[in-house]
Amino acid sequence: MTKRQPPRPPEQLTDRLFATERQPEDFRFDASVARVFPDMIRRSVPGYTTIIPMIEVITEQYVQPGSNCYDLGCSLGASTLAMRHGIAHEDCALIGVDNSAAMIERCEHYIALDDHPLPVTLRCEDIRMTELDNASVTTLNFTLQFVAPEQRNALLARIAAVTRPGGVLILSEKLHFEDDGEEAIQTRLHHEFKRANGYSDLEISQKRSAIEQVLIPETLASHQARLREAGFDQVLVWYQCFNFVSMLAIKAP
Ligand code: GEK
């Protein structure tokens, strides 16, 4: 009798996408990025490996029975799985949304490998259009920065409108600083973090050019003002490392 092999995670590669000289081209979340994504985000985003488990802790605190939880821009589901493990109510729905088919396809494997009983619905959709309703916890973990700035207000207002009293939005973003001196220091520290994680100067500069027009960072003050305008009653920073921040926007109970 042949022994059944346990399911294996999809093959994960080291991120070498920008290691050799390449033609300038805007960054896209395609299959080549999806294949290296866990390595890429861990080595590129300071604090990512702390933020993910804290999303579980925050979800646990704010999830409400009979509500929906959304992970908008779920990629391979790291934040989705953290939310899943923070939800103790069987009658909650957890929905992950990403408009990259390559990400969603791989995400399905990671969700299937996780043994938590709460079902996860994955939607290959644009977060600007996806249906939202009856939310207690919504996560935008480094996703809003990829939405055009002029479209951010409408999305956040829609999230705030469907968030129940006492519910929250977890918003993680790369920051821009008003003060040029601070911008220069925080950027240098971020690049040092990448160097310490094995990225070369060529990789850092090519990635920077590729992402420049695609990822538009804003100041902390703009985020805080927008979240309040959107309808959240309290906005606080629960984590910051260099130019990367995570905020908690709360609807009053
Ligand atoms: C994590 N949250 O591991 N609609 C849907 N998806 C989008 C859109 C859009 N309009 N724009 C971008 N995305 C994850 C990490 S990554 C962050 C999130 C990063 C998706 C895009 O396809 C990608 O998968 C994700 O947002 C951003 O916690 O790569 O820095």
# chains A, B, ... in the order shown; residues from 1 in each chain; ligands from 1
>>> residues_around(residues="region 116-126 of chain A", least_positions_apart="2", cutoff="12 Å", atoms="only C-alpha atoms", output="number ranges by chain")
A: 68-77, 80-114, 128-132, 143-144, 146-147, 155
>>> select_by_dssp(residues="region 32-130 of chain A", states="strand (DSSP E)", output="ChimeraX atom specification")
/A:68-72,93-97,120-123
>>> residues_around(residues="Phe142 (chain A)", least_positions_apart="6", cutoff="12 Å", atoms="only C-alpha atoms", output="VMD selection string")
chain A and resid 41 44 to 48 51 to 52 71 to 75 78 to 79 170 to 175 215 to 217 244 to 247
>>> write_last_selection(atoms="N, CA and C atoms", output="mmCIF file, in the first residue's frame")
data_model
loop_
_atom_site.group_PDB
_atom_site.id
_atom_site.type_symbol
_atom_site.label_atom_id
_atom_site.label_comp_id
_atom_site.auth_asym_id
_atom_site.auth_seq_id
_atom_site.Cartn_x
_atom_site.Cartn_y
_atom_site.Cartn_z
ATOM 1 N N ILE A 41 8.938 39.989 0.653
ATOM 2 C CA ILE A 41 8.304 40.916 1.594
ATOM 3 C C ILE A 41 9.012 40.870 2.960
ATOM 4 N N SER A 44 12.186 42.910 2.583
ATOM 5 C CA SER A 44 12.026 44.286 2.095
ATOM 6 C C SER A 44 11.247 45.198 3.029
ATOM 7 N N VAL A 45 10.366 44.624 3.842
ATOM 8 C CA VAL A 45 9.488 45.463 4.671
ATOM 9 C C VAL A 45 9.875 45.313 6.139
ATOM 10 N N PRO A 46 10.528 46.333 6.697
ATOM 11 C CA PRO A 46 10.911 46.258 8.110
ATOM 12 C C PRO A 46 9.666 46.085 8.981
ATOM 13 N N GLY A 47 9.698 45.108 9.858
ATOM 14 C CA GLY A 47 8.580 44.904 10.775
ATOM 15 C C GLY A 47 7.515 43.942 10.281
ATOM 16 N N TYR A 48 7.600 43.515 9.009
ATOM 17 C CA TYR A 48 6.556 42.631 8.465
ATOM 18 C C TYR A 48 6.375 41.380 9.340
ATOM 19 N N ILE A 51 4.453 42.382 12.389
ATOM 20 C CA ILE A 51 3.076 42.836 12.124
ATOM 21 C C ILE A 51 2.131 41.642 11.904
ATOM 22 N N ILE A 52 2.596 40.645 11.160
ATOM 23 C CA ILE A 52 1.704 39.502 10.844
ATOM 24 C C ILE A 52 1.146 38.840 12.118
ATOM 25 N N ASP A 71 -9.632 40.678 4.361
ATOM 26 C CA ASP A 71 -8.218 40.963 4.156
ATOM 27 C C ASP A 71 -8.085 41.469 2.721
ATOM 28 N N LEU A 72 -7.915 42.782 2.587
ATOM 29 C CA LEU A 72 -7.932 43.398 1.254
ATOM 30 C C LEU A 72 -6.507 43.538 0.732
ATOM 31 N N GLY A 73 -6.209 42.839 -0.376
ATOM 32 C CA GLY A 73 -4.844 42.756 -0.899
ATOM 33 C C GLY A 73 -4.126 41.658 -0.130
ATOM 34 N N CYS A 74 -4.709 40.453 -0.190
ATOM 35 C CA CYS A 74 -4.261 39.368 0.705
ATOM 36 C C CYS A 74 -2.989 38.690 0.211
ATOM 37 N N SER A 75 -2.572 38.893 -1.031
ATOM 38 C CA SER A 75 -1.382 38.232 -1.603
ATOM 39 C C SER A 75 -1.455 36.734 -1.355
ATOM 40 N N ALA A 78 -0.773 35.599 4.138
ATOM 41 C CA ALA A 78 -0.124 35.654 5.457
ATOM 42 C C ALA A 78 -1.008 36.400 6.456
ATOM 43 N N SER A 79 -1.532 37.561 6.027
ATOM 44 C CA SER A 79 -2.398 38.323 6.938
ATOM 45 C C SER A 79 -3.766 37.640 7.079
ATOM 46 N N ILE A 170 -7.271 47.673 10.201
ATOM 47 C CA ILE A 170 -5.821 47.644 10.418
ATOM 48 C C ILE A 170 -5.200 48.120 9.111
ATOM 49 N N LEU A 171 -4.498 49.239 9.156
ATOM 50 C CA LEU A 171 -3.921 49.814 7.931
ATOM 51 C C LEU A 171 -2.405 49.924 8.070
ATOM 52 N N SER A 172 -1.678 49.131 7.269
ATOM 53 C CA SER A 172 -0.210 49.197 7.277
ATOM 54 C C SER A 172 0.238 49.825 5.967
ATOM 55 N N GLU A 173 1.192 50.743 6.042
ATOM 56 C CA GLU A 173 1.643 51.484 4.865
ATOM 57 C C GLU A 173 3.113 51.858 4.945
ATOM 58 N N LYS A 174 3.719 52.042 3.773
ATOM 59 C CA LYS A 174 5.020 52.697 3.716
ATOM 60 C C LYS A 174 4.746 54.202 3.836
ATOM 61 N N LEU A 175 5.599 54.922 4.554
ATOM 62 C CA LEU A 175 5.362 56.354 4.777
ATOM 63 C C LEU A 175 6.276 57.244 3.957
ATOM 64 N N LEU A 215 3.842 52.327 -6.177
ATOM 65 C CA LEU A 215 3.607 52.425 -4.722
ATOM 66 C C LEU A 215 3.797 53.892 -4.333
ATOM 67 N N ILE A 216 2.680 54.552 -3.981
ATOM 68 C CA ILE A 216 2.751 55.988 -3.657
ATOM 69 C C ILE A 216 2.560 56.163 -2.150
ATOM 70 N N PRO A 217 3.658 56.422 -1.422
ATOM 71 C CA PRO A 217 3.512 56.589 0.033
ATOM 72 C C PRO A 217 3.020 57.993 0.382
ATOM 73 N N PHE A 244 7.911 52.463 7.729
ATOM 74 C CA PHE A 244 6.780 51.532 7.610
ATOM 75 C C PHE A 244 5.959 51.606 8.895
ATOM 76 N N VAL A 245 4.647 51.739 8.733
ATOM 77 C CA VAL A 245 3.794 51.977 9.898
ATOM 78 C C VAL A 245 2.561 51.090 9.837
ATOM 79 N N SER A 246 2.009 50.786 11.005
ATOM 80 C CA SER A 246 0.707 50.138 11.013
ATOM 81 C C SER A 246 -0.206 50.880 11.981
ATOM 82 N N MET A 247 -1.397 51.216 11.484
ATOM 83 C CA MET A 247 -2.363 51.989 12.267
ATOM 84 C C MET A 247 -3.590 51.137 12.578
#
>>> closest_residue(among="A:Thr49, A:Ser205, A:Gln145, A:Thr163", to="Gln64 (chain A)", atoms="only C-alpha atoms")
A:Thr163
>>> select_by_dssp(residues="region 125-246 of chain A", states="alpha helix (DSSP H)", output="PyMOL selection string")
chain A and resi 152-162+180-196+201-211+220-230
>>> write_last_selection(atoms="C-alpha atoms", output="PDB file, in the first residue's frame")
ATOM      1  CA  ARG A 152      -8.181  56.098  -1.483  1.00  0.00           C
ATOM      2  CA  ASN A 153     -10.846  58.300   0.180  1.00  0.00           C
ATOM      3  CA  ALA A 154     -13.719  56.463  -1.490  1.00  0.00           C
ATOM      4  CA  LEU A 155     -12.377  53.031  -0.535  1.00  0.00           C
ATOM      5  CA  LEU A 156     -11.786  53.994   3.113  1.00  0.00           C
ATOM      6  CA  ALA A 157     -15.192  55.680   3.358  1.00  0.00           C
ATOM      7  CA  ARG A 158     -16.801  52.490   2.043  1.00  0.00           C
ATOM      8  CA  ILE A 159     -14.896  50.377   4.599  1.00  0.00           C
ATOM      9  CA  ALA A 160     -15.832  52.739   7.441  1.00  0.00           C
ATOM     10  CA  ALA A 161     -19.494  52.708   6.357  1.00  0.00           C
ATOM     11  CA  VAL A 162     -19.740  48.895   6.554  1.00  0.00           C
ATOM     12  CA  ASP A 180      13.238  66.210   3.733  1.00  0.00           C
ATOM     13  CA  GLY A 181      15.850  65.456   6.401  1.00  0.00           C
ATOM     14  CA  GLU A 182      13.675  62.804   8.019  1.00  0.00           C
ATOM     15  CA  GLU A 183      12.725  61.361   4.617  1.00  0.00           C
ATOM     16  CA  ALA A 184      16.431  60.944   3.802  1.00  0.00           C
ATOM     17  CA  ILE A 185      17.282  59.279   7.146  1.00  0.00           C
ATOM     18  CA  GLN A 186      14.319  56.894   7.125  1.00  0.00           C
ATOM     19  CA  THR A 187      14.980  55.934   3.479  1.00  0.00           C
ATOM     20  CA  ARG A 188      18.658  55.299   4.224  1.00  0.00           C
ATOM     21  CA  LEU A 189      17.742  53.132   7.215  1.00  0.00           C
ATOM     22  CA  HIS A 190      15.269  51.187   5.078  1.00  0.00           C
ATOM     23  CA  HIS A 191      17.945  50.581   2.438  1.00  0.00           C
ATOM     24  CA  GLU A 192      20.378  49.485   5.167  1.00  0.00           C
ATOM     25  CA  PHE A 193      17.756  47.004   6.353  1.00  0.00           C
ATOM     26  CA  LYS A 194      17.555  45.610   2.807  1.00  0.00           C
ATOM     27  CA  ARG A 195      21.357  45.433   2.542  1.00  0.00           C
ATOM     28  CA  ALA A 196      21.512  43.590   5.872  1.00  0.00           C
ATOM     29  CA  ASP A 201      22.870  48.090  -4.329  1.00  0.00           C
ATOM     30  CA  LEU A 202      21.779  47.138  -7.874  1.00  0.00           C
ATOM     31  CA  GLU A 203      18.758  45.204  -6.547  1.00  0.00           C
ATOM     32  CA  ILE A 204      17.795  48.082  -4.245  1.00  0.00           C
ATOM     33  CA  SER A 205      18.039  50.742  -6.938  1.00  0.00           C
ATOM     34  CA  GLN A 206      16.318  48.701  -9.703  1.00  0.00           C
ATOM     35  CA  LYS A 207      13.446  47.747  -7.367  1.00  0.00           C
ATOM     36  CA  ARG A 208      13.134  51.381  -6.313  1.00  0.00           C
ATOM     37  CA  SER A 209      12.774  52.543  -9.939  1.00  0.00           C
ATOM     38  CA  ALA A 210      10.299  49.771 -10.755  1.00  0.00           C
ATOM     39  CA  ILE A 211       8.050  50.564  -7.788  1.00  0.00           C
ATOM     40  CA  LEU A 220       1.247  59.727   8.577  1.00  0.00           C
ATOM     41  CA  ALA A 221      -0.770  62.937   9.052  1.00  0.00           C
ATOM     42  CA  SER A 222      -2.568  62.452   5.687  1.00  0.00           C
ATOM     43  CA  HIS A 223      -3.459  58.875   6.598  1.00  0.00           C
ATOM     44  CA  GLN A 224      -4.740  59.883  10.022  1.00  0.00           C
ATOM     45  CA  ALA A 225      -6.825  62.751   8.604  1.00  0.00           C
ATOM     46  CA  ARG A 226      -8.260  60.562   5.823  1.00  0.00           C
ATOM     47  CA  LEU A 227      -9.222  57.770   8.221  1.00  0.00           C
ATOM     48  CA  ARG A 228     -11.096  60.237  10.446  1.00  0.00           C
ATOM     49  CA  GLU A 229     -12.775  61.857   7.452  1.00  0.00           C
ATOM     50  CA  ALA A 230     -13.784  58.417   6.226  1.00  0.00           C
TER      51      ALA A 230
END
>>> closest_residue(among="A:Gly66, A:Val235, A:Leu13, A:Ala252", to="Arg35 (chain A)", atoms="only C-alpha atoms")
A:Leu13
